[in-house]
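Structure file upload-v1.cif with mmCIF, C-alpha atoms (C1' of nucleotides):
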```
data_my_file
#
loop_
_atom_site.group_PDB
_atom_site.id
_atom_site.type_symbol
_atom_site.label_atom_id
_atom_site.label_comp_id
_atom_site.auth_asym_id
_atom_site.auth_seq_id
_atom_site.Cartn_x
_atom_site.Cartn_y
_atom_site.Cartn_z
ATOM 1 C CA MET A 1 20.811 -57.261 167.720
ATOM 2 C CA THR A 2 21.179 -60.446 169.730
ATOM 3 C CA ALA A 3 22.925 -63.601 168.729
ATOM 4 C CA ARG A 4 19.639 -65.280 168.005
ATOM 5 C CA ALA A 5 18.856 -66.164 164.457
ATOM 6 C CA ARG A 6 16.927 -63.103 163.294
ATOM 7 C CA ARG A 7 16.786 -61.713 159.838
ATOM 8 C CA THR A 8 15.914 -58.096 159.362
ATOM 9 C CA VAL A 9 14.410 -58.454 155.955
ATOM 10 C CA GLY A 10 13.856 -55.901 153.267
ATOM 11 C CA LEU A 11 10.526 -54.810 154.614
ATOM 12 C CA ARG A 12 9.284 -51.304 153.860
ATOM 13 C CA HIS A 13 9.893 -49.762 157.247
ATOM 14 C CA THR A 14 9.016 -46.088 157.403
ATOM 15 C CA ASP A 15 10.906 -44.036 159.946
ATOM 16 C CA PRO A 16 8.505 -42.216 162.271
ATOM 17 C CA SER A 17 10.250 -38.935 161.514
ATOM 18 C CA ASP A 18 9.158 -39.295 157.900
ATOM 19 C CA VAL A 19 5.514 -39.775 158.787
ATOM 20 C CA SER A 20 3.005 -36.973 158.340
ATOM 21 C CA LEU A 21 0.323 -36.227 160.875
ATOM 22 C CA GLN A 22 -2.185 -37.172 158.198
ATOM 23 C CA GLU A 23 -0.736 -40.665 157.867
ATOM 24 C CA ALA A 24 -0.450 -41.084 161.622
ATOM 25 C CA LEU A 25 -4.060 -40.132 162.262
ATOM 26 C CA GLU A 26 -5.319 -42.327 159.446
ATOM 27 C CA ALA A 27 -3.353 -45.273 160.782
ATOM 28 C CA LEU A 28 -4.675 -44.780 164.301
ATOM 29 C CA ALA A 29 -8.256 -44.156 163.240
ATOM 30 C CA ASP A 30 -8.917 -47.882 162.890
ATOM 31 C CA PRO A 31 -9.946 -49.796 166.023
ATOM 32 C CA VAL A 32 -8.355 -53.064 164.918
ATOM 33 C CA ARG A 33 -5.005 -51.362 164.457
ATOM 34 C CA ARG A 34 -5.239 -49.651 167.821
ATOM 35 C CA SER A 35 -5.979 -52.975 169.493
ATOM 36 C CA ILE A 36 -2.845 -54.419 167.916
ATOM 37 C CA LEU A 37 -0.804 -51.582 169.348
ATOM 38 C CA ARG A 38 -2.261 -52.031 172.810
ATOM 39 C CA VAL A 39 -1.441 -55.726 172.843
ATOM 40 C CA LEU A 40 2.113 -55.020 171.771
ATOM 41 C CA ALA A 41 2.511 -52.378 174.461
ATOM 42 C CA GLY A 42 1.879 -54.966 177.156
ATOM 43 C CA GLU A 43 4.646 -57.335 176.110
ATOM 44 C CA PRO A 44 8.373 -57.496 175.483
ATOM 45 C CA ASP A 45 9.597 -56.460 172.052
ATOM 46 C CA PHE A 46 9.325 -59.056 169.308
ATOM 47 C CA ALA A 47 7.421 -61.388 171.584
ATOM 48 C CA ARG A 48 4.360 -61.814 169.414
ATOM 49 C CA ALA A 49 3.883 -62.918 165.832
ATOM 50 C CA CYS A 50 1.234 -61.541 163.497
ATOM 51 C CA GLY A 51 -0.909 -64.632 163.724
ATOM 52 C CA ALA A 52 -1.130 -64.532 167.524
ATOM 53 C CA PHE A 53 -3.453 -61.605 167.999
ATOM 54 C CA ASP A 54 -6.978 -63.008 168.078
ATOM 55 C CA LEU A 55 -8.310 -60.284 165.827
ATOM 56 C CA PRO A 56 -11.934 -60.147 164.632
ATOM 57 C CA VAL A 57 -10.836 -60.139 160.992
ATOM 58 C CA SER A 58 -9.463 -62.580 158.455
ATOM 59 C CA LYS A 59 -5.808 -63.364 157.898
ATOM 60 C CA ALA A 60 -5.741 -61.202 154.781
ATOM 61 C CA THR A 61 -7.206 -58.205 156.529
ATOM 62 C CA ALA A 62 -4.883 -58.576 159.488
ATOM 63 C CA SER A 63 -1.916 -58.655 157.159
ATOM 64 C CA HIS A 64 -3.156 -55.430 155.607
ATOM 65 C CA HIS A 65 -3.388 -53.755 159.008
ATOM 66 C CA PHE A 66 0.149 -54.778 159.920
ATOM 67 C CA SER A 67 1.320 -53.336 156.650
ATOM 68 C CA VAL A 68 -0.349 -50.011 157.401
ATOM 69 C CA LEU A 69 1.139 -49.870 160.882
ATOM 70 C CA ARG A 70 4.580 -50.591 159.505
ATOM 71 C CA ALA A 71 4.219 -47.947 156.807
ATOM 72 C CA SER A 72 3.185 -45.321 159.336
ATOM 73 C CA GLY A 73 6.203 -45.848 161.560
ATOM 74 C CA LEU A 74 4.351 -47.540 164.383
ATOM 75 C CA LEU A 75 5.700 -51.058 163.984
ATOM 76 C CA GLU A 76 8.973 -52.782 163.398
ATOM 77 C CA GLN A 77 8.913 -56.339 162.178
ATOM 78 C CA ILE A 78 11.533 -59.021 161.892
ATOM 79 C CA ASP A 79 11.279 -62.496 160.460
ATOM 80 C CA GLN A 80 12.115 -65.468 162.597
ATOM 81 C CA GLY A 81 11.622 -68.699 160.793
ATOM 82 C CA PRO A 82 8.144 -68.754 159.333
ATOM 83 C CA ARG A 83 6.721 -66.067 161.580
ATOM 84 C CA ARG A 84 6.979 -62.324 161.647
ATOM 85 C CA LEU A 85 7.586 -60.786 165.043
ATOM 86 C CA ASN A 86 6.456 -57.325 165.983
ATOM 87 C CA ARG A 87 7.780 -54.467 168.042
ATOM 88 C CA LEU A 88 5.973 -51.267 168.943
ATOM 89 C CA ARG A 89 8.168 -48.292 168.013
ATOM 90 C CA ARG A 90 7.193 -46.559 171.171
ATOM 91 C CA ALA A 91 10.001 -44.074 171.802
ATOM 92 C CA GLU A 92 10.551 -43.131 168.156
ATOM 93 C CA PHE A 93 6.899 -42.542 167.468
ATOM 94 C CA ASP A 94 6.413 -40.601 170.661
ATOM 95 C CA ALA A 95 9.334 -38.380 169.740
ATOM 96 C CA ARG A 96 7.628 -37.571 166.456
ATOM 97 C CA PHE A 97 4.088 -37.162 167.843
ATOM 98 C CA PRO A 98 4.359 -36.559 171.590
ATOM 99 C CA GLY A 99 1.433 -37.911 173.536
ATOM 100 C CA LEU A 100 -0.387 -39.448 170.606
ATOM 101 C CA LEU A 101 0.573 -43.051 171.238
ATOM 102 C CA ALA A 102 -0.135 -42.615 174.932
ATOM 103 C CA LEU A 103 -3.741 -41.735 174.107
ATOM 104 C CA VAL A 104 -4.109 -44.954 172.167
ATOM 105 C CA LEU A 105 -2.480 -47.125 174.801
ATOM 106 C CA THR A 106 -4.582 -45.756 177.644
ATOM 107 C CA GLU A 107 -7.800 -46.047 175.662
ATOM 108 C CA ASP A 108 -10.346 -48.146 177.490
ATOM 109 C CA GLU A 109 -11.055 -51.024 175.171
ATOM 110 C CA PRO A 110 -14.588 -50.487 173.917
ATOM 111 C CA THR A 111 -16.498 -53.717 174.397
ATOM 112 C CA LYS A 112 -18.606 -54.972 171.549
ATOM 113 C CA THR A 113 -22.244 -54.244 172.109
ATOM 114 C CA ALA A 114 -24.319 -57.208 171.082
ATOM 115 C CA SER A 115 -26.466 -56.195 168.151
ATOM 116 C CA MET B 1 -21.134 -14.269 178.378
ATOM 117 C CA THR B 2 -20.841 -10.613 177.506
ATOM 118 C CA ALA B 3 -23.631 -8.110 177.189
ATOM 119 C CA ARG B 4 -23.447 -8.268 173.414
ATOM 120 C CA ALA B 5 -26.386 -9.642 171.570
ATOM 121 C CA ARG B 6 -25.511 -13.322 171.257
ATOM 122 C CA ARG B 7 -27.848 -16.253 171.170
ATOM 123 C CA THR B 8 -26.577 -19.631 172.167
ATOM 124 C CA VAL B 9 -28.916 -21.650 170.031
ATOM 125 C CA GLY B 10 -30.046 -25.197 170.338
ATOM 126 C CA LEU B 11 -27.126 -26.592 168.411
ATOM 127 C CA ARG B 12 -26.013 -30.150 169.015
ATOM 128 C CA HIS B 13 -22.916 -29.462 171.038
ATOM 129 C CA THR B 14 -21.107 -32.540 172.254
ATOM 130 C CA ASP B 15 -19.080 -32.155 175.407
ATOM 131 C CA PRO B 16 -15.470 -33.254 174.876
ATOM 132 C CA SER B 17 -15.685 -35.581 177.862
ATOM 133 C CA ASP B 18 -18.349 -37.556 175.997
ATOM 134 C CA VAL B 19 -16.204 -38.014 172.919
ATOM 135 C CA SER B 20 -14.504 -41.329 172.202
ATOM 136 C CA LEU B 21 -10.974 -41.556 170.893
ATOM 137 C CA GLN B 22 -12.440 -43.106 167.780
ATOM 138 C CA GLU B 23 -14.582 -40.033 167.094
ATOM 139 C CA ALA B 24 -11.743 -37.663 167.907
ATOM 140 C CA LEU B 25 -9.316 -39.355 165.540
ATOM 141 C CA GLU B 26 -11.891 -39.545 162.757
ATOM 142 C CA ALA B 27 -12.662 -35.870 163.149
ATOM 143 C CA LEU B 28 -9.001 -34.912 163.045
ATOM 144 C CA ALA B 29 -8.116 -37.222 160.178
ATOM 145 C CA ASP B 30 -9.436 -34.733 157.623
ATOM 146 C CA PRO B 31 -7.077 -31.980 156.445
ATOM 147 C CA VAL B 32 -9.833 -29.445 155.836
ATOM 148 C CA ARG B 33 -11.057 -29.823 159.388
ATOM 149 C CA ARG B 34 -7.555 -29.486 160.796
ATOM 150 C CA SER B 35 -7.024 -26.300 158.802
ATOM 151 C CA ILE B 36 -10.189 -24.869 160.319
ATOM 152 C CA LEU B 37 -8.876 -25.612 163.788
ATOM 153 C CA ARG B 38 -5.523 -23.989 163.069
ATOM 154 C CA VAL B 39 -7.160 -20.806 161.839
ATOM 155 C CA LEU B 40 -9.336 -20.640 164.934
ATOM 156 C CA ALA B 41 -6.349 -21.170 167.188
ATOM 157 C CA GLY B 42 -4.740 -18.001 165.879
ATOM 158 C CA GLU B 43 -7.620 -15.701 166.724
ATOM 159 C CA PRO B 44 -9.814 -14.576 169.607
ATOM 160 C CA ASP B 45 -12.833 -16.692 170.444
ATOM 161 C CA PHE B 46 -15.901 -16.207 168.294
ATOM 162 C CA ALA B 47 -14.026 -13.883 165.997
ATOM 163 C CA ARG B 48 -14.658 -15.778 162.767
ATOM 164 C CA ALA B 49 -17.812 -16.938 161.065
ATOM 165 C CA CYS B 50 -18.119 -20.172 159.089
ATOM 166 C CA GLY B 51 -18.082 -18.409 155.758
ATOM 167 C CA ALA B 52 -14.807 -16.600 156.419
ATOM 168 C CA PHE B 53 -12.386 -19.480 156.099
ATOM 169 C CA ASP B 54 -11.285 -19.615 152.475
ATOM 170 C CA LEU B 55 -11.633 -23.372 152.312
ATOM 171 C CA PRO B 56 -11.021 -25.394 149.139
ATOM 172 C CA VAL B 57 -14.515 -26.878 149.291
ATOM 173 C CA SER B 58 -18.075 -25.799 148.622
ATOM 174 C CA LYS B 59 -20.396 -24.161 151.122
ATOM 175 C CA ALA B 60 -22.263 -27.420 151.654
ATOM 176 C CA THR B 61 -19.115 -29.385 152.354
ATOM 177 C CA ALA B 62 -17.786 -26.727 154.709
ATOM 178 C CA SER B 63 -21.036 -26.823 156.654
ATOM 179 C CA HIS B 64 -20.643 -30.575 156.965
ATOM 180 C CA HIS B 65 -17.127 -30.196 158.357
ATOM 181 C CA PHE B 66 -18.246 -27.667 160.938
ATOM 182 C CA SER B 67 -20.961 -30.065 161.973
ATOM 183 C CA VAL B 68 -18.445 -32.863 162.479
ATOM 184 C CA LEU B 69 -16.140 -30.636 164.500
ATOM 185 C CA ARG B 70 -19.022 -29.555 166.701
ATOM 186 C CA ALA B 71 -20.175 -33.138 167.206
ATOM 187 C CA SER B 72 -16.694 -34.245 168.234
ATOM 188 C CA GLY B 73 -16.336 -31.621 170.934
ATOM 189 C CA LEU B 74 -13.797 -29.486 169.124
ATOM 190 C CA LEU B 75 -15.936 -26.483 168.330
ATOM 191 C CA GLU B 76 -18.457 -24.270 170.018
ATOM 192 C CA GLN B 77 -20.706 -22.143 167.864
ATOM 193 C CA ILE B 78 -23.014 -19.251 168.588
ATOM 194 C CA ASP B 79 -25.305 -17.377 166.255
ATOM 195 C CA GLN B 80 -24.925 -13.673 165.846
ATOM 196 C CA GLY B 81 -27.353 -12.250 163.382
ATOM 197 C CA PRO B 82 -27.105 -14.228 160.167
ATOM 198 C CA ARG B 83 -23.687 -15.664 160.866
ATOM 199 C CA ARG B 84 -22.421 -18.440 163.041
ATOM 200 C CA LEU B 85 -19.313 -17.672 165.059
ATOM 201 C CA ASN B 86 -16.828 -20.302 166.114
ATOM 202 C CA ARG B 87 -14.681 -20.991 169.111
ATOM 203 C CA LEU B 88 -12.033 -23.655 169.491
ATOM 204 C CA ARG B 89 -12.691 -25.672 172.635
ATOM 205 C CA ARG B 90 -9.032 -25.740 173.403
ATOM 206 C CA ALA B 91 -8.855 -26.343 177.143
ATOM 207 C CA GLU B 92 -11.781 -28.760 177.327
ATOM 208 C CA PHE B 93 -10.577 -30.884 174.465
ATOM 209 C CA ASP B 94 -7.028 -30.922 175.739
ATOM 210 C CA ALA B 95 -8.268 -32.072 179.113
ATOM 211 C CA ARG B 96 -9.984 -35.018 177.421
ATOM 212 C CA PHE B 97 -7.148 -35.891 175.009
ATOM 213 C CA PRO B 98 -3.946 -34.328 176.325
ATOM 214 C CA GLY B 99 -1.534 -33.307 173.601
ATOM 215 C CA LEU B 100 -3.737 -34.269 170.686
ATOM 216 C CA LEU B 101 -4.894 -30.800 169.747
ATOM 217 C CA ALA B 102 -1.367 -29.458 170.163
ATOM 218 C CA LEU B 103 -0.189 -31.861 167.457
ATOM 219 C CA VAL B 104 -2.776 -30.486 165.076
ATOM 220 C CA LEU B 105 -2.056 -26.868 165.853
ATOM 221 C CA THR B 106 1.691 -27.210 165.414
ATOM 222 C CA GLU B 107 1.330 -29.153 162.185
ATOM 223 C CA ASP B 108 3.230 -27.515 159.380
ATOM 224 C CA GLU B 109 0.591 -26.696 156.820
ATOM 225 C CA PRO B 110 1.258 -29.007 153.886
ATOM 226 C CA THR B 111 1.328 -26.921 150.722
ATOM 227 C CA LYS B 112 -0.602 -28.134 147.729
ATOM 228 C CA THR B 113 1.739 -29.628 145.173
ATOM 229 C CA ALA B 114 0.732 -28.530 141.703
ATOM 230 C CA SER B 115 -0.387 -31.569 139.773
ATOM 231 C "C1'" DA C 1 10.169 -84.019 148.536
ATOM 232 C "C1'" DT C 2 6.434 -83.399 150.853
ATOM 233 C "C1'" DC C 3 3.721 -81.373 154.295
ATOM 234 C "C1'" DG C 4 1.657 -78.058 157.763
ATOM 235 C "C1'" DG C 5 2.044 -73.521 159.329
ATOM 236 C "C1'" DT C 6 2.666 -68.592 158.623
ATOM 237 C "C1'" DG C 7 2.041 -64.550 156.158
ATOM 238 C "C1'" DT C 8 1.355 -61.838 151.742
ATOM 239 C "C1'" DT C 9 -0.911 -60.714 147.344
ATOM 240 C "C1'" DC C 10 -4.678 -60.554 144.254
ATOM 241 C "C1'" DG C 11 -9.116 -59.414 142.620
ATOM 242 C "C1'" DA C 12 -13.645 -58.333 144.119
ATOM 243 C "C1'" DC C 13 -17.242 -56.535 146.943
ATOM 244 C "C1'" DG C 14 -19.688 -53.255 150.017
ATOM 245 C "C1'" DG C 15 -20.090 -49.386 153.073
ATOM 246 C "C1'" DT C 16 -18.783 -45.102 154.360
ATOM 247 C "C1'" DG C 17 -17.457 -40.525 153.976
ATOM 248 C "C1'" DG C 18 -16.152 -36.316 151.310
ATOM 249 C "C1'" DT C 19 -17.934 -33.837 147.672
ATOM 250 C "C1'" DC C 20 -21.210 -31.095 144.932
ATOM 251 C "C1'" DG C 21 -25.411 -28.224 143.198
ATOM 252 C "C1'" DA C 22 -29.827 -26.992 144.243
ATOM 253 C "C1'" DA C 23 -33.258 -25.903 147.294
ATOM 254 C "C1'" DC C 24 -34.471 -24.200 151.595
ATOM 255 C "C1'" DA C 25 -34.469 -21.464 156.144
ATOM 256 C "C1'" DC C 26 -33.077 -17.525 158.702
ATOM 257 C "C1'" DC C 27 -31.601 -12.867 159.630
ATOM 258 C "C1'" DG C 28 -30.932 -7.836 158.987
ATOM 259 C "C1'" DA C 29 -31.513 -4.025 156.214
ATOM 260 C "C1'" DT C 30 -33.615 -1.484 152.752
ATOM 261 C "C1'" DA D 1 -42.190 -7.044 151.765
ATOM 262 C "C1'" DT D 2 -38.498 -7.729 149.387
ATOM 263 C "C1'" DC D 3 -33.777 -8.547 148.939
ATOM 264 C "C1'" DG D 4 -28.831 -10.091 149.657
ATOM 265 C "C1'" DG D 5 -26.093 -12.677 152.626
ATOM 266 C "C1'" DT D 6 -25.253 -16.646 155.575
ATOM 267 C "C1'" DG D 7 -25.633 -21.313 156.657
ATOM 268 C "C1'" DT D 8 -28.062 -25.948 156.523
ATOM 269 C "C1'" DT D 9 -30.325 -29.920 154.308
ATOM 270 C "C1'" DC D 10 -31.191 -33.044 150.653
ATOM 271 C "C1'" DG D 11 -30.045 -36.374 147.060
ATOM 272 C "C1'" DA D 12 -26.703 -38.018 144.360
ATOM 273 C "C1'" DC D 13 -22.155 -39.254 142.917
ATOM 274 C "C1'" DC D 14 -17.657 -41.165 143.536
ATOM 275 C "C1'" DA D 15 -13.326 -42.594 145.516
ATOM 276 C "C1'" DC D 16 -11.353 -44.881 149.041
ATOM 277 C "C1'" DC D 17 -10.831 -48.262 152.549
ATOM 278 C "C1'" DG D 18 -11.856 -52.323 155.246
ATOM 279 C "C1'" DT D 19 -13.154 -56.755 154.248
ATOM 280 C "C1'" DC D 20 -13.030 -61.472 152.326
ATOM 281 C "C1'" DG D 21 -11.660 -66.089 149.953
ATOM 282 C "C1'" DA D 22 -8.431 -68.026 147.141
ATOM 283 C "C1'" DA D 23 -4.050 -68.518 145.486
ATOM 284 C "C1'" DC D 24 0.638 -68.037 146.256
ATOM 285 C "C1'" DA D 25 5.389 -67.810 148.629
ATOM 286 C "C1'" DC D 26 8.315 -69.030 152.317
ATOM 287 C "C1'" DC D 27 10.117 -71.681 156.141
ATOM 288 C "C1'" DG D 28 11.120 -75.694 159.139
ATOM 289 C "C1'" DA D 29 10.426 -80.365 159.985
ATOM 290 C "C1'" DT D 30 9.420 -84.878 158.729
#
```

For this file, write the structure as structure tokens.
Amino acid sequence: MTARARRTVGLRHTDPSDVSLQEALEALADPVRRSILRVLAGEPDFARACGAFDLPVSKATASHHFSVLRASGLLEQIDQGPRRLNRLRRAEFDARFPGLLALVLTEDEPTKTAS
Amino acid sequence: MTARARRTVGLRHTDPSDVSLQEALEALADPVRRSILRVLAGEPDFARACGAFDLPVSKATASHHFSVLRASGLLEQIDQGPRRLNRLRRAEFDARFPGLLALVLTEDEPTKTAS
DNA sequence: ATCGGTGTTCGACGGTGGTCGAACACCGAT
DNA sequence: ATCGGTGTTCGACCACCGTCGAACACCGAT
């Protein structure tokens, strides 16, 4: 923990070692959630807030997805002022499910086909 | 292919290299399907027919699950007389999604908690 | 104290997927 | 040709999940 003003709030953070394969697969089976993880993988920890993801869903839905990722041990979040910063729990999750996160991060982003 | 009487029928077999991560994760996100894969992993290829799995679902539902597994590149099936024999496409699928199948096969079977 | 910005929560809605029984198709053997 | 066994297909049902707008809570700054 740095000297910066960061509050680790009472958020329901599930430890990856407590996550079942069922939960992990369900969490990763959503394309929006996987895209969140890929963005986080390309940046320093806690560099991006929830609102800064340019997701194709509403605020409410995005919030739901972050909640799922947190509950499945994939995300750690801390509050800094009004925004909530995110960190990909890369090492911990990979220790629990070796190779799984790597598959998600190396996935070639499927481009939207115009209807 | 051995000299035994086996017919490789015109079943919709998807090659693992044509399977997206999305499809793979959706296929593996069901516990019944994962249990099928684990059983197959513990036996020789084409040793077990669809009806010999002791699944907690009806015949119709089981058939649906086998169809999904076949369509996601996880299963190969051949017809032998009236029954349909199954093979886990272990190497091919692992080449497409390294480590993913291993996670499923090493999963500790979650026991049903009595309600 | 008020305001703009950020994120969550609350119903509600709709689509999808797992489930089933029943009917059907296929095979081998009698 | 009929029968039992195996597996698929067809509707239908239902629960769950992703989705949304609206309302709310929180923070920092004005």

So which residues touch DT6 of chain D within 8 Å, counting all atoms listed in the file, skipping near sequence neighbours fewer than 4 positions away, as a PyMOL selection string? chain B and resi 51+82-83

Give me, as JSON, numbers by chain, the residues of chain B touching chain C, with the criterion being at most 12 Å (counting all atoms listed in the file). {"B": [26, 27, 29, 30, 31, 32, 33, 56, 57, 58, 59, 60, 61, 62, 63, 64, 65, 68, 79, 80, 81, 82, 83, 84]}

Please return, as a PyMOL selection string, all residues of chain B lying within 8 Å of chain A when only C-alpha atoms are considered. chain B and resi 21-22+25-26+28-31+97-100+103-104+107

Selection in question (the file shown): the PyMOL selection byres ((chain D) within 8 of (chain A)). Which residues does it include, as a PyMOL selection string? chain D and resi 18-20+26-28

In Å, how far is it from atom CA of Arg90 of chain B to atom CA of Leu74 of chain B? 7.4 Å

Within 12 Å of Leu11 of chain B using only C-alpha atoms (C1' of nucleotides), minus same-chain residues under 2 positions, as a list of chain:residue names: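 Close residues of Leu11 of chain B: B:Arg7, B:Thr8, B:Val9, B:His13, B:Thr14, B:Phe66, B:Ser67, B:Arg70, B:Ala71, B:Leu75, B:Glu76, B:Gln77, B:Ile78, B:Asp79, B:Arg84, D:DT8.
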
Write a file of the just-selected residues containing C-alpha atoms (C1' of nucleotides), as a PDB file, in the frame of the given file.
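Wrote selection.pdb, looks like this:
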```pdb
ATOM      1  CA  ARG B   7     -27.848 -16.253 171.170  1.00  0.00           C
ATOM      2  CA  THR B   8     -26.577 -19.631 172.167  1.00  0.00           C
ATOM      3  CA  VAL B   9     -28.916 -21.650 170.031  1.00  0.00           C
ATOM      4  CA  HIS B  13     -22.916 -29.462 171.038  1.00  0.00           C
ATOM      5  CA  THR B  14     -21.107 -32.540 172.254  1.00  0.00           C
ATOM      6  CA  PHE B  66     -18.246 -27.667 160.938  1.00  0.00           C
ATOM      7  CA  SER B  67     -20.961 -30.065 161.973  1.00  0.00           C
ATOM      8  CA  ARG B  70     -19.022 -29.555 166.701  1.00  0.00           C
ATOM      9  CA  ALA B  71     -20.175 -33.138 167.206  1.00  0.00           C
ATOM     10  CA  LEU B  75     -15.936 -26.483 168.330  1.00  0.00           C
ATOM     11  CA  GLU B  76     -18.457 -24.270 170.018  1.00  0.00           C
ATOM     12  CA  GLN B  77     -20.706 -22.143 167.864  1.00  0.00           C
ATOM     13  CA  ILE B  78     -23.014 -19.251 168.588  1.00  0.00           C
ATOM     14  CA  ASP B  79     -25.305 -17.377 166.255  1.00  0.00           C
ATOM     15  CA  ARG B  84     -22.421 -18.440 163.041  1.00  0.00           C
TER      16      ARG B  84
ATOM     17  C1'  DT D   8     -28.062 -25.948 156.523  1.00  0.00           C
TER      18       DT D   8
END
```

Present chain B as a short mmCIF file (atom, residue, chain, number, x, y, z; two decimals) with C-alpha atoms, in the frame of the given file, least-squares fitted onto chain A over all of its C-alpha atoms paired in order.
```cif
data_model
loop_
_atom_site.label_atom_id
_atom_site.label_comp_id
_atom_site.auth_asym_id
_atom_site.auth_seq_id
_atom_site.Cartn_x
_atom_site.Cartn_y
_atom_site.Cartn_z
CA MET B 1 20.63 -57.19 168.03
CA THR B 2 21.08 -60.39 169.97
CA ALA B 3 22.91 -63.49 168.87
CA ARG B 4 19.64 -65.25 168.15
CA ALA B 5 18.89 -66.17 164.62
CA ARG B 6 16.94 -63.16 163.39
CA ARG B 7 16.82 -61.74 159.92
CA THR B 8 15.90 -58.14 159.44
CA VAL B 9 14.41 -58.50 156.01
CA GLY B 10 13.88 -55.97 153.31
CA LEU B 11 10.53 -54.85 154.62
CA ARG B 12 9.28 -51.37 153.85
CA HIS B 13 9.88 -49.77 157.20
CA THR B 14 9.01 -46.10 157.37
CA ASP B 15 10.89 -44.06 159.92
CA PRO B 16 8.51 -42.21 162.24
CA SER B 17 10.25 -38.92 161.49
CA ASP B 18 9.14 -39.28 157.87
CA VAL B 19 5.50 -39.77 158.78
CA SER B 20 2.99 -36.95 158.34
CA LEU B 21 0.31 -36.21 160.88
CA GLN B 22 -2.19 -37.13 158.21
CA GLU B 23 -0.75 -40.64 157.87
CA ALA B 24 -0.44 -41.06 161.62
CA LEU B 25 -4.05 -40.12 162.27
CA GLU B 26 -5.33 -42.32 159.45
CA ALA B 27 -3.36 -45.25 160.78
CA LEU B 28 -4.67 -44.76 164.30
CA ALA B 29 -8.26 -44.13 163.25
CA ASP B 30 -8.92 -47.86 162.89
CA PRO B 31 -9.93 -49.79 166.03
CA VAL B 32 -8.34 -53.05 164.91
CA ARG B 33 -5.01 -51.35 164.44
CA ARG B 34 -5.22 -49.65 167.82
CA SER B 35 -5.97 -52.98 169.48
CA ILE B 36 -2.84 -54.42 167.90
CA LEU B 37 -0.79 -51.59 169.34
CA ARG B 38 -2.25 -52.04 172.81
CA VAL B 39 -1.43 -55.74 172.83
CA LEU B 40 2.13 -55.03 171.75
CA ALA B 41 2.53 -52.40 174.44
CA GLY B 42 1.89 -54.98 177.13
CA GLU B 43 4.65 -57.35 176.10
CA PRO B 44 8.38 -57.51 175.45
CA ASP B 45 9.62 -56.49 172.03
CA PHE B 46 9.32 -59.06 169.28
CA ALA B 47 7.44 -61.40 171.55
CA ARG B 48 4.36 -61.82 169.37
CA ALA B 49 3.89 -62.90 165.80
CA CYS B 50 1.22 -61.51 163.47
CA GLY B 51 -0.93 -64.60 163.71
CA ALA B 52 -1.14 -64.52 167.50
CA PHE B 53 -3.47 -61.58 167.97
CA ASP B 54 -7.00 -62.97 168.05
CA LEU B 55 -8.33 -60.24 165.80
CA PRO B 56 -11.94 -60.10 164.60
CA VAL B 57 -10.85 -60.09 160.97
CA SER B 58 -9.49 -62.53 158.42
CA LYS B 59 -5.83 -63.33 157.86
CA ALA B 60 -5.75 -61.17 154.74
CA THR B 61 -7.23 -58.17 156.49
CA ALA B 62 -4.89 -58.55 159.46
CA SER B 63 -1.92 -58.61 157.11
CA HIS B 64 -3.17 -55.39 155.57
CA HIS B 65 -3.39 -53.73 158.98
CA PHE B 66 0.14 -54.76 159.89
CA SER B 67 1.30 -53.31 156.62
CA VAL B 68 -0.36 -49.98 157.38
CA LEU B 69 1.13 -49.86 160.86
CA ARG B 70 4.57 -50.57 159.48
CA ALA B 71 4.21 -47.92 156.79
CA SER B 72 3.17 -45.30 159.33
CA GLY B 73 6.20 -45.83 161.54
CA LEU B 74 4.37 -47.53 164.37
CA LEU B 75 5.70 -51.04 163.97
CA GLU B 76 8.97 -52.78 163.36
CA GLN B 77 8.91 -56.34 162.14
CA ILE B 78 11.53 -59.04 161.86
CA ASP B 79 11.25 -62.51 160.43
CA GLN B 80 12.07 -65.48 162.56
CA GLY B 81 11.58 -68.72 160.76
CA PRO B 82 8.10 -68.75 159.27
CA ARG B 83 6.70 -66.07 161.53
CA ARG B 84 6.97 -62.33 161.61
CA LEU B 85 7.58 -60.79 165.01
CA ASN B 86 6.45 -57.32 165.94
CA ARG B 87 7.77 -54.48 168.00
CA LEU B 88 6.00 -51.27 168.91
CA ARG B 89 8.17 -48.30 167.99
CA ARG B 90 7.21 -46.56 171.15
CA ALA B 91 10.02 -44.09 171.77
CA GLU B 92 10.56 -43.14 168.14
CA PHE B 93 6.92 -42.54 167.45
CA ASP B 94 6.43 -40.61 170.65
CA ALA B 95 9.36 -38.40 169.73
CA ARG B 96 7.64 -37.58 166.43
CA PHE B 97 4.11 -37.15 167.84
CA PRO B 98 4.38 -36.56 171.58
CA GLY B 99 1.45 -37.92 173.54
CA LEU B 100 -0.36 -39.45 170.60
CA LEU B 101 0.59 -43.05 171.23
CA ALA B 102 -0.10 -42.64 174.94
CA LEU B 103 -3.71 -41.76 174.12
CA VAL B 104 -4.08 -44.97 172.18
CA LEU B 105 -2.45 -47.14 174.80
CA THR B 106 -4.55 -45.78 177.65
CA GLU B 107 -7.77 -46.06 175.67
CA ASP B 108 -10.32 -48.12 177.51
CA GLU B 109 -11.02 -51.02 175.20
CA PRO B 110 -14.57 -50.50 173.95
CA THR B 111 -16.48 -53.74 174.42
CA LYS B 112 -18.56 -55.02 171.57
CA THR B 113 -22.22 -54.36 172.21
CA ALA B 114 -24.28 -57.36 171.21
CA SER B 115 -26.48 -56.39 168.32
#
```

May I have the centre and edge lengths, in Å to one decimal, of an axis-aligned box around the listed atoms of segment 71-85 of chain B with 5 Å added to every side, as AutoDock Vina command-line options?
```
--center_x -20.6 --center_y -23.2 --center_z 165.6 --size_x 23.6 --size_y 32.0 --size_z 20.8
```

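Here atom C1' of DA15 of chain D and atom CA of Cys50 of chain B stand 26.6 Å from one another.
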